[in-house]
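Coordinates from start19.pdb are shown below (PDB, C-alpha atoms and all ligand atoms).
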ATOM      1  CA  MET H   9       0.000   0.000   0.000
ATOM      2  CA  LEU H  10       1.494   3.339  -1.071
ATOM      3  CA  VAL H  11       1.479   5.890   1.776
ATOM      4  CA  THR H  12       3.355   9.083   2.607
ATOM      5  CA  GLY H  13       6.645   8.979   4.456
ATOM      6  CA  LYS H  14       5.115  11.064   7.243
ATOM      7  CA  GLU H  15       2.395   8.506   7.924
ATOM      8  CA  ILE H  16       5.028   5.787   8.405
ATOM      9  CA  LEU H  17       7.465   7.912  10.401
ATOM     10  CA  ASP H  18       4.927   9.473  12.758
ATOM     11  CA  HIS H  19       4.048   5.931  13.889
ATOM     12  CA  ALA H  20       7.733   4.989  14.276
ATOM     13  CA  HIS H  21       8.397   8.204  16.246
ATOM     14  CA  LYS H  22       5.494   7.538  18.627
ATOM     15  CA  ASN H  23       6.406   3.890  19.101
ATOM     16  CA  GLY H  24      10.199   4.087  19.310
ATOM     17  CA  TYR H  25      11.409   2.052  16.362
ATOM     18  CA  ALA H  26      13.095   2.718  13.014
ATOM     19  CA  VAL H  27      11.978   2.011   9.456
ATOM     20  CA  GLY H  28      14.455   0.778   6.866
ATOM     21  CA  ALA H  29      14.925   2.985   3.804
ATOM     22  CA  PHE H  30      16.457   0.904   1.044
ATOM     23  CA  ASN H  31      17.872   2.231  -2.238
ATOM     24  CA  VAL H  32      16.796   0.480  -5.434
ATOM     25  CA  VAL H  33      17.994   0.846  -9.034
ATOM     26  CA  ASN H  34      16.287  -2.050 -10.817
ATOM     27  CA  MET H  35      13.359  -4.452 -10.634
ATOM     28  CA  GLU H  36      15.195  -7.137  -8.679
ATOM     29  CA  MET H  37      16.262  -4.733  -5.890
ATOM     30  CA  LEU H  38      12.718  -3.382  -5.686
ATOM     31  CA  GLN H  39      11.147  -6.851  -5.535
ATOM     32  CA  ALA H  40      13.615  -7.915  -2.838
ATOM     33  CA  VAL H  41      12.786  -4.918  -0.613
ATOM     34  CA  VAL H  42       9.023  -5.126  -0.985
ATOM     35  CA  ALA H  43       8.901  -8.936  -0.549
ATOM     36  CA  ALA H  44      11.031  -8.683   2.613
ATOM     37  CA  ALA H  45       8.775  -5.979   4.077
ATOM     38  CA  GLU H  46       5.616  -7.953   3.309
ATOM     39  CA  GLU H  47       7.042 -11.137   4.825
ATOM     40  CA  GLU H  48       8.118  -9.273   7.981
ATOM     41  CA  LYS H  49       4.885  -7.234   8.215
ATOM     42  CA  ALA H  50       7.028  -4.110   8.297
ATOM     43  CA  PRO H  51       6.492  -0.600   6.941
ATOM     44  CA  VAL H  52       9.272   0.317   4.514
ATOM     45  CA  PHE H  53      10.798   3.092   2.404
ATOM     46  CA  VAL H  54      11.758   2.308  -1.202
ATOM     47  CA  GLN H  55      14.120   5.097  -2.209
ATOM     48  CA  THR H  56      15.746   6.317  -5.398
ATOM     49  CA  THR H  57      18.578   8.815  -5.863
ATOM     50  CA  GLU H  58      18.981  11.146  -8.844
ATOM     51  CA  GLY H  59      21.546   8.605 -10.042
ATOM     52  CA  ALA H  60      18.829   5.945 -10.010
ATOM     53  CA  LEU H  61      16.446   8.243 -11.904
ATOM     54  CA  SER H  62      18.949   8.780 -14.697
ATOM     55  CA  TYR H  63      19.947   5.089 -14.739
ATOM     56  CA  ALA H  64      16.460   3.549 -14.834
ATOM     57  CA  GLY H  65      14.323   6.499 -15.993
ATOM     58  CA  VAL H  66      11.789   8.447 -13.939
ATOM     59  CA  GLU H  67       8.745   6.879 -15.592
ATOM     60  CA  TYR H  68      10.023   3.300 -15.461
ATOM     61  CA  LEU H  69      10.807   3.679 -11.762
ATOM     62  CA  SER H  70       7.522   5.388 -11.097
ATOM     63  CA  VAL H  71       5.406   2.665 -12.724
ATOM     64  CA  MET H  72       7.437  -0.168 -11.167
ATOM     65  CA  VAL H  73       7.516   1.149  -7.611
ATOM     66  CA  LYS H  74       3.842   2.152  -7.581
ATOM     67  CA  LYS H  75       2.895  -1.336  -8.847
ATOM     68  CA  ALA H  76       5.123  -2.993  -6.241
ATOM     69  CA  ALA H  77       3.670  -0.843  -3.439
ATOM     70  CA  GLU H  78       0.085  -1.562  -4.507
ATOM     71  CA  SER H  79       0.724  -5.300  -4.620
ATOM     72  CA  VAL H  80       1.524  -5.603  -0.882
ATOM     73  CA  SER H  81      -0.517  -4.964   2.271
ATOM     74  CA  VAL H  82       2.261  -3.239   4.270
ATOM     75  CA  PRO H  83       2.739   0.570   4.047
ATOM     76  CA  VAL H  84       5.348   1.547   1.444
ATOM     77  CA  ALA H  85       6.710   5.099   1.060
ATOM     78  CA  PHE H  86       8.159   5.882  -2.365
ATOM     79  CA  HIS H  87      10.956   8.313  -1.552
ATOM     80  CA  LEU H  88      13.397  10.574  -3.420
ATOM     81  CA  ASP H  89      16.787  10.263  -1.667
ATOM     82  CA  HIS H  90      19.153  13.281  -1.750
ATOM     83  CA  GLY H  91      17.097  15.361  -4.182
ATOM     84  CA  GLY H  92      19.519  18.015  -5.392
ATOM     85  CA  SER H  93      17.185  20.623  -6.864
ATOM     86  CA  PHE H  94      13.637  21.953  -6.913
ATOM     87  CA  ASP H  95      13.334  20.630 -10.501
ATOM     88  CA  THR H  96      14.087  17.047  -9.486
ATOM     89  CA  VAL H  97      11.560  17.281  -6.668
ATOM     90  CA  MET H  98       8.900  18.553  -9.110
ATOM     91  CA  LYS H  99       9.582  15.626 -11.454
ATOM     92  CA  CYS H 100       8.979  13.231  -8.573
ATOM     93  CA  LEU H 101       5.834  15.052  -7.411
ATOM     94  CA  ARG H 102       4.411  14.757 -10.925
ATOM     95  CA  ASN H 103       5.210  11.037 -11.098
ATOM     96  CA  GLY H 104       3.772   9.657  -7.876
ATOM     97  CA  TRP H 105       6.589   9.692  -5.329
ATOM     98  CA  SER H 106       5.008   9.939  -1.844
ATOM     99  CA  SER H 107       8.018  11.386  -0.003
ATOM    100  CA  VAL H 108      10.896  13.599  -1.145
ATOM    101  CA  MET H 109      14.230  14.607   0.301
ATOM    102  CA  ILE H 110      15.734  17.950  -0.592
ATOM    103  CA  ASP H 111      19.413  17.949   0.315
ATOM    104  CA  GLY H 112      20.615  21.501   0.856
ATOM    105  CA  SER H 113      23.169  20.416   3.464
ATOM    106  CA  HIS H 114      26.094  21.807   1.417
ATOM    107  CA  PHE H 115      24.526  25.304   1.457
ATOM    108  CA  ALA H 116      24.777  27.923   4.202
ATOM    109  CA  LEU H 117      21.989  27.653   6.800
ATOM    110  CA  ASP H 118      19.790  30.431   5.364
ATOM    111  CA  GLU H 119      19.973  29.034   1.836
ATOM    112  CA  ASN H 120      19.238  25.512   3.054
ATOM    113  CA  ILE H 121      16.185  26.835   4.942
ATOM    114  CA  ALA H 122      14.925  28.820   1.932
ATOM    115  CA  LEU H 123      15.287  25.898  -0.500
ATOM    116  CA  THR H 124      13.713  23.435   1.928
ATOM    117  CA  ALA H 125      10.772  25.776   2.672
ATOM    118  CA  LYS H 126      10.099  26.119  -1.070
ATOM    119  CA  VAL H 127      10.081  22.328  -1.492
ATOM    120  CA  VAL H 128       7.851  21.888   1.580
ATOM    121  CA  GLU H 129       5.288  24.306   0.119
ATOM    122  CA  ALA H 130       5.139  22.476  -3.235
ATOM    123  CA  ALA H 131       5.240  18.954  -1.781
ATOM    124  CA  HIS H 132       2.635  19.585   0.915
ATOM    125  CA  ALA H 133       0.312  21.044  -1.736
ATOM    126  CA  CYS H 134       0.534  17.608  -3.408
ATOM    127  CA  GLY H 135       0.066  15.669  -0.149
ATOM    128  CA  VAL H 136       3.710  14.552  -0.146
ATOM    129  CA  SER H 137       5.984  14.761   2.906
ATOM    130  CA  VAL H 138       9.539  16.091   3.023
ATOM    131  CA  GLU H 139      12.955  15.141   4.456
ATOM    132  CA  ALA H 140      15.830  17.622   4.627
ATOM    133  CA  GLU H 141      19.403  17.424   5.905
ATOM    134  CA  LEU H 142      21.364  19.636   8.247
ATOM    135  CA  GLY H 143      25.068  19.071   8.877
ATOM    136  CA  ARG H 144      27.487  17.167   6.661
ATOM    137  CA  LEU H 145      28.017  13.403   6.645
ATOM    138  CA  GLY H 146      31.573  12.428   7.571
ATOM    139  CA  GLY H 147      34.539  10.984   5.832
ATOM    140  CA  VAL H 148      35.540   7.678   7.319
ATOM    141  CA  GLU H 149      38.248   8.583   9.865
ATOM    142  CA  ASP H 150      37.748   7.514  13.459
ATOM    143  CA  ASN H 151      39.483  10.406  15.141
ATOM    144  CA  ILE H 152      37.627  13.568  14.290
ATOM    145  CA  SER H 153      38.576  16.419  16.651
ATOM    146  CA  VAL H 154      35.955  18.304  18.621
ATOM    147  CA  ASP H 155      36.443  21.401  16.449
ATOM    148  CA  GLU H 156      35.954  19.410  13.268
ATOM    149  CA  LYS H 157      32.872  17.746  14.724
ATOM    150  CA  ASP H 158      31.316  21.107  15.516
ATOM    151  CA  ALA H 159      31.950  22.262  11.966
ATOM    152  CA  MET H 160      30.423  19.142  10.361
ATOM    153  CA  TYR H 161      27.954  17.582  12.739
ATOM    154  CA  THR H 162      24.431  18.967  13.145
ATOM    155  CA  ASP H 163      24.243  21.888  15.548
ATOM    156  CA  PRO H 164      21.223  21.470  17.896
ATOM    157  CA  GLU H 165      20.442  25.209  17.990
ATOM    158  CA  GLU H 166      20.540  25.452  14.189
ATOM    159  CA  ALA H 167      18.312  22.365  13.986
ATOM    160  CA  LYS H 168      15.580  24.067  16.040
ATOM    161  CA  ARG H 169      15.625  27.115  13.790
ATOM    162  CA  PHE H 170      15.830  24.978  10.634
ATOM    163  CA  VAL H 171      12.730  22.946  11.483
ATOM    164  CA  ALA H 172      10.682  25.934  12.691
ATOM    165  CA  GLU H 173      11.408  28.009   9.577
ATOM    166  CA  SER H 174      11.341  25.291   6.887
ATOM    167  CA  GLY H 175       8.339  23.243   8.058
ATOM    168  CA  VAL H 176      10.154  19.986   7.176
ATOM    169  CA  ASP H 177       8.497  16.697   8.257
ATOM    170  CA  TYR H 178      11.614  14.636   9.166
ATOM    171  CA  LEU H 179      15.217  15.680   9.529
ATOM    172  CA  ALA H 180      18.449  13.903   8.571
ATOM    173  CA  ILE H 181      21.294  14.747  10.929
ATOM    174  CA  ALA H 182      25.066  14.264  10.883
ATOM    175  CA  ILE H 183      26.400  12.440  13.976
ATOM    176  CA  GLY H 184      29.394  10.561  12.583
ATOM    177  CA  THR H 185      28.152   8.192   9.878
ATOM    178  CA  ALA H 186      29.357   8.283   6.263
ATOM    179  CA  HIS H 187      28.048   7.034   2.934
ATOM    180  CA  GLY H 188      29.711   3.869   1.625
ATOM    181  CA  LYS H 189      32.133   1.540   3.414
ATOM    182  CA  TYR H 190      34.055   2.432   6.579
ATOM    183  CA  LYS H 191      37.750   1.863   7.194
ATOM    184  CA  GLY H 192      37.269   1.368  10.955
ATOM    185  CA  ILE H 193      34.185   1.226  13.170
ATOM    186  CA  PRO H 194      32.360   4.562  13.170
ATOM    187  CA  LYS H 195      31.761   6.202  16.559
ATOM    188  CA  LEU H 196      28.473   8.029  16.728
ATOM    189  CA  ASP H 197      27.864  11.198  18.749
ATOM    190  CA  PHE H 198      24.947   9.878  20.817
ATOM    191  CA  ASP H 199      24.809  12.903  23.154
ATOM    192  CA  ARG H 200      24.222  15.158  20.172
ATOM    193  CA  LEU H 201      21.450  12.874  18.900
ATOM    194  CA  ASP H 202      19.831  12.824  22.353
ATOM    195  CA  THR H 203      19.826  16.641  22.571
ATOM    196  CA  ILE H 204      18.463  17.115  19.049
ATOM    197  CA  LYS H 205      15.690  14.531  19.504
ATOM    198  CA  LYS H 206      14.540  16.040  22.811
ATOM    199  CA  ASP H 207      14.537  19.546  21.332
ATOM    200  CA  LEU H 208      12.708  18.652  18.126
ATOM    201  CA  ASN H 209      10.423  15.784  19.200
ATOM    202  CA  MET H 210       9.943  14.673  15.567
ATOM    203  CA  PRO H 211      11.137  11.803  13.313
ATOM    204  CA  ILE H 212      14.928  11.831  12.826
ATOM    205  CA  VAL H 213      16.812  10.171   9.934
ATOM    206  CA  LEU H 214      20.203   8.410   9.902
ATOM    207  CA  HIS H 215      22.108   8.234   6.595
ATOM    208  CA  GLY H 216      25.137   6.100   5.787
ATOM    209  CA  ALA H 217      24.057   3.251   8.058
ATOM    210  CA  SER H 218      25.697   0.413   6.085
ATOM    211  CA  GLY H 219      28.692  -0.775   8.092
ATOM    212  CA  VAL H 220      27.520   0.652  11.438
ATOM    213  CA  ASP H 221      27.582  -2.089  14.121
ATOM    214  CA  ALA H 222      24.305  -3.489  15.471
ATOM    215  CA  GLU H 223      24.817  -2.147  19.004
ATOM    216  CA  SER H 224      25.287   1.434  17.760
ATOM    217  CA  ILE H 225      22.212   1.107  15.554
ATOM    218  CA  LYS H 226      20.125  -0.100  18.507
ATOM    219  CA  LYS H 227      21.382   2.710  20.708
ATOM    220  CA  ALA H 228      20.651   5.292  18.001
ATOM    221  CA  ILE H 229      17.094   3.946  17.710
ATOM    222  CA  SER H 230      16.630   4.079  21.499
ATOM    223  CA  LEU H 231      17.653   7.756  21.330
ATOM    224  CA  GLY H 232      15.162   8.598  18.592
ATOM    225  CA  ILE H 233      16.326   7.601  15.087
ATOM    226  CA  ASN H 234      13.234   6.580  13.051
ATOM    227  CA  LYS H 235      14.424   6.164   9.435
ATOM    228  CA  ILE H 236      17.659   4.395   8.563
ATOM    229  CA  ASN H 237      19.163   4.503   5.062
ATOM    230  CA  ILE H 238      20.895   1.386   3.758
ATOM    231  CA  ASP H 239      22.444   1.187   0.316
ATOM    232  CA  THR H 240      26.018  -0.176   0.301
ATOM    233  CA  GLU H 241      25.193  -3.408   2.138
ATOM    234  CA  LEU H 242      22.431  -4.162  -0.393
ATOM    235  CA  ARG H 243      24.745  -3.500  -3.353
ATOM    236  CA  CYS H 244      27.225  -5.914  -1.766
ATOM    237  CA  ALA H 245      24.566  -8.577  -1.116
ATOM    238  CA  TYR H 246      23.632  -8.419  -4.809
ATOM    239  CA  THR H 247      27.103  -8.295  -6.345
ATOM    240  CA  ASP H 248      28.678 -10.831  -3.931
ATOM    241  CA  LYS H 249      26.111 -13.383  -5.058
ATOM    242  CA  VAL H 250      26.595 -12.541  -8.751
ATOM    243  CA  ARG H 251      30.371 -12.951  -8.362
ATOM    244  CA  GLU H 252      29.920 -16.246  -6.526
ATOM    245  CA  ILE H 253      27.665 -17.684  -9.245
ATOM    246  CA  LEU H 254      29.818 -16.520 -12.156
ATOM    247  CA  SER H 255      33.015 -17.871 -10.650
ATOM    248  CA  ALA H 256      31.407 -21.198  -9.661
ATOM    249  CA  ASP H 257      30.159 -21.733 -13.236
ATOM    250  CA  PRO H 258      31.954 -19.831 -16.006
ATOM    251  CA  ASP H 259      29.461 -21.197 -18.556
ATOM    252  CA  VAL H 260      26.278 -19.805 -16.972
ATOM    253  CA  PHE H 261      24.548 -17.179 -19.106
ATOM    254  CA  ASP H 262      20.876 -17.450 -18.140
ATOM    255  CA  LEU H 263      20.348 -14.089 -16.440
ATOM    256  CA  ARG H 264      17.637 -15.525 -14.235
ATOM    257  CA  LYS H 265      20.109 -17.978 -12.720
ATOM    258  CA  ILE H 266      22.463 -15.093 -11.893
ATOM    259  CA  ILE H 267      20.326 -12.204 -10.709
ATOM    260  CA  GLY H 268      17.487 -14.383  -9.336
ATOM    261  CA  PRO H 269      19.715 -15.652  -6.501
ATOM    262  CA  ALA H 270      21.131 -12.108  -6.110
ATOM    263  CA  ARG H 271      17.564 -10.910  -5.496
ATOM    264  CA  GLU H 272      17.162 -13.602  -2.787
ATOM    265  CA  ASN H 273      20.405 -12.502  -1.144
ATOM    266  CA  VAL H 274      19.267  -8.846  -1.057
ATOM    267  CA  LYS H 275      15.939  -9.914   0.406
ATOM    268  CA  ALA H 276      17.712 -11.790   3.225
ATOM    269  CA  LYS H 277      19.807  -8.683   3.993
ATOM    270  CA  VAL H 278      16.692  -6.471   4.061
ATOM    271  CA  ILE H 279      14.991  -8.894   6.476
ATOM    272  CA  GLU H 280      18.063  -8.793   8.747
ATOM    273  CA  LYS H 281      17.946  -4.957   8.814
ATOM    274  CA  ILE H 282      14.176  -4.785   9.355
ATOM    275  CA  ARG H 283      14.555  -7.023  12.435
ATOM    276  CA  LEU H 284      17.550  -5.043  13.729
ATOM    277  CA  PHE H 285      15.529  -1.821  13.395
ATOM    278  CA  GLY H 286      12.551  -3.322  15.263
ATOM    279  CA  ALA H 287      10.172  -2.672  12.370
ATOM    280  CA  ASN H 288       9.030  -6.288  11.985
ATOM    281  CA  GLY H 289       5.402  -6.765  12.972
ATOM    282  CA  LYS H 290       4.763  -2.987  13.059
ATOM    283  CA  ALA H 291       2.613  -2.851   9.903
TER     284      ALA H 291
HETATM  285  O1  LIG H 301      21.296   8.072   1.202
HETATM  286  N1  LIG H 301      21.936   6.906   1.204
HETATM  287  C1  LIG H 301      22.072   6.169  -0.062
HETATM  288  C2  LIG H 301      23.018   6.911  -0.977
HETATM  289  C3  LIG H 301      23.049   6.227  -2.343
HETATM  290  C4  LIG H 301      23.958   6.927  -3.347
HETATM  291  O2  LIG H 301      23.487   6.525  -4.599
HETATM  292  P1  LIG H 301      24.006   7.169  -5.958
HETATM  293  O3  LIG H 301      25.303   6.434  -6.267
HETATM  294  O4  LIG H 301      22.918   6.873  -6.944
HETATM  295  O5  LIG H 301      24.198   8.654  -5.745
HETATM  296  C5  LIG H 301      22.487   6.447   2.391
HETATM  297  O6  LIG H 301      22.494   7.188   3.376
HETATM  298  C6  LIG H 301      23.027   5.028   2.474
HETATM  299  O7  LIG H 301      24.347   4.988   2.971
HETATM  300  P2  LIG H 301      25.169   3.575   2.939
HETATM  301  O8  LIG H 301      26.318   3.761   3.881
HETATM  302  O9  LIG H 301      24.212   2.527   3.394
HETATM  303  O10 LIG H 301      25.588   3.349   1.534
HETATM  304 ZN    ZN H 302      22.292   9.473   2.308
HETATM  305 CA    CA H 303      28.127   3.618   5.473
END
Translate the structure described by the file into structure tokens.
Amino acid sequence: MLVTGKEILDHAHKNGYAVGAFNVVNMEMLQAVVAAAEEEKAPVFVQTTEGALSYAGVEYLSVMVKKAAESVSVPVAFHLDHGGSFDTVMKCLRNGWSSVMIDGSHFALDENIALTAKVVEAAHACGVSVEAELGRLGGVEDNISVDEKDAMYTDPEEAKRFVAESGVDYLAIAIGTAHGKYKGIPKLDFDRLDTIKKDLNMPIVLHGASGVDAESIKKAISLGINKINIDTELRCAYTDKVREILSADPDVFDLRKIIGPARENVKAKVIEKIRLFGANGKA
């Protein structure tokens, strides 16, 4: 069932769990995510970046994801991840996305607020909810100094002003995670998360969660994270299986025997994350 991101995240915020937000770029990834959510009776976000839009095409993705969402009983939010411009957001609003992220995190605070407020006005007029980001996601070093942290990580005072002036529905914050693989084990700034959550009392989003250990994820959820983005670990689940099959049998060329098992492997990874996040049985 296709629903807005806000509907899913308001429930997660009230009930203290997190919803998995999984990036998809093709039919197999999409089927894996939606089948896992249905099996686990879990609400879920299916999300697409601008890279996915240009790879698969806006209309192909739109038709596929809407069909997938309608074919299951659990709530599915169809989300734009890291939307880079008002134009991209408009494309998604016209094509049935039910949640959009506008990422103005690289702009100065006032510009980020102005861009986000403009997106909120357009999206809310279409009944679509909005995610924005404040602070910058890290590189992968373990030892970031306090000064560097203050420059990069989300400032709690700025977060209050950002939410009040932009009207955003859920906020992505920077507390020490990074996109992609980590060199060491990332250390999250839990005190900062705790302060921000208590101040804002709204759904909070964690990006870059592939490679973060299970204990840190659980602690982050206990302190108020409600949406958790996973991409890299799904890419690895898919490509590890493809590599395994191709190297076990150099003569295989039936695509279904290669990417069918890859789809199963992604589904297993999504189920593992859904359970870790405590979203199983919440739909
Ligand atoms: O927002 N994301 C996913 C980012 C995906 C980037 O995709 P493109 O190559 O199409 O730009 C996350 O926060 C996931 O982070 P993770 O650490 O899980 O990869
Ligand atoms: Zn991200
Ligand atoms: Ca990561």
Let me know the centre plus edge lengths, in Å and rounded to one decimal, of a box with edges along x, y and z that contains all listed atoms of range 23-29 of chain H and is padded by 6 Å on every side, as JSON.
{"center_x": 10.7, "center_y": 2.4, "center_z": 11.6, "size_x": 20.5, "size_y": 15.3, "size_z": 27.5}
Tell me which protein, DNA and RNA residues are within 12 Å of Ser224 in chain H, counting only C-alpha atoms, leaving out same-chain ones fewer than 5 positions away, and put them as a compact mmCIF listing (two decimals) with C-alpha atoms, in the frame of the given file.
# COMPACT_ATOMS: atom_id res chain seq x y z
CA ILE H 183 26.40 12.44 13.98
CA GLY H 184 29.39 10.56 12.58
CA THR H 185 28.15 8.19 9.88
CA ILE H 193 34.18 1.23 13.17
CA PRO H 194 32.36 4.56 13.17
CA LYS H 195 31.76 6.20 16.56
CA LEU H 196 28.47 8.03 16.73
CA ASP H 197 27.86 11.20 18.75
CA PHE H 198 24.95 9.88 20.82
CA LEU H 214 20.20 8.41 9.90
CA ALA H 217 24.06 3.25 8.06
CA SER H 218 25.70 0.41 6.08
CA GLY H 219 28.69 -0.78 8.09
CA ILE H 229 17.09 3.95 17.71
CA SER H 230 16.63 4.08 21.50
CA LEU H 231 17.65 7.76 21.33
CA ILE H 233 16.33 7.60 15.09
CA LEU H 284 17.55 -5.04 13.73
CA PHE H 285 15.53 -1.82 13.40
Within 10 Å of ligand LIG 301 (chain H) (counting only C-alpha atoms and all ligand atoms), which residues show up? I'd like them as number ranges by chain. H: 29-33, 55-63, 88-91, 109, 145, 180, 185-190, 213-220, 236-244
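Of the residues listed (H:Glu78, H:Asp95, H:Glu141, H:Glu48), H:Glu141 shows the shortest atom-to-atom separation from ligand ZN 302 (chain H); distances use all atoms listed in the file.
A straight line drawn from CA of Val138 in chain H to CA of His87 in chain H is 9.1 Å long.
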List every protein, DNA or RNA residue with an atom no more than 7 Å from (8.4, -5.3, 12.0) in the file's coordinates, counting only C-alpha atoms, and format the result as a list in words. Glu48, Lys49, Ala50, Ile282, Arg283, Gly286, Ala287, Asn288, Gly289, Lys290 and Ala291 of chain H
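Those residues that approach Gly268 in chain H to within 10 Å, counting only C-alpha atoms, are Glu36, Ala40, Tyr246, Lys249, Val250, Asp262, Leu263, Arg264, Glu272 and Asn273 of chain H; same-chain residues fewer than 4 positions away are not listed.
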H:Gly92, H:Gly104, H:Gly13, H:Gly135 ranked by distance to ligand ZN 302 (chain H), top pick (using only C-alpha atoms and all ligand atoms): H:Gly92
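All protein and nucleic acid residues in the vicinity of (24.3, 23.8, 3.1), that is within 12 Å when counting only C-alpha atoms, are Gly92, Ile110, Asp111, Gly112, Ser113, His114, Phe115, Ala116, Leu117, Asp118, Glu119, Asn120, Ile121, Ala122, Leu123, Thr124, Ala140, Glu141, Leu142, Gly143, Arg144, Leu145, Ala159, Met160, Thr162, Glu166 and Phe170 of chain H.
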Which residue out of H:Phe86, H:Tyr178, H:Tyr25, H:Phe94 has the minimum interatomic distance to Val41 in chain H when all atoms listed in the file are used? H:Phe86
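CA of Leu10 in chain H is positioned 21.3 Å from CA of Leu179 in chain H.
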How many Å separate CA of Lys205 in chain H from CA of His19 in chain H? 15.5 Å
Quick one: of H:Lys281, H:Lys226, H:Lys99, H:Lys168, who's nearest to Ile204 in chain H, counting only C-alpha atoms? H:Lys168
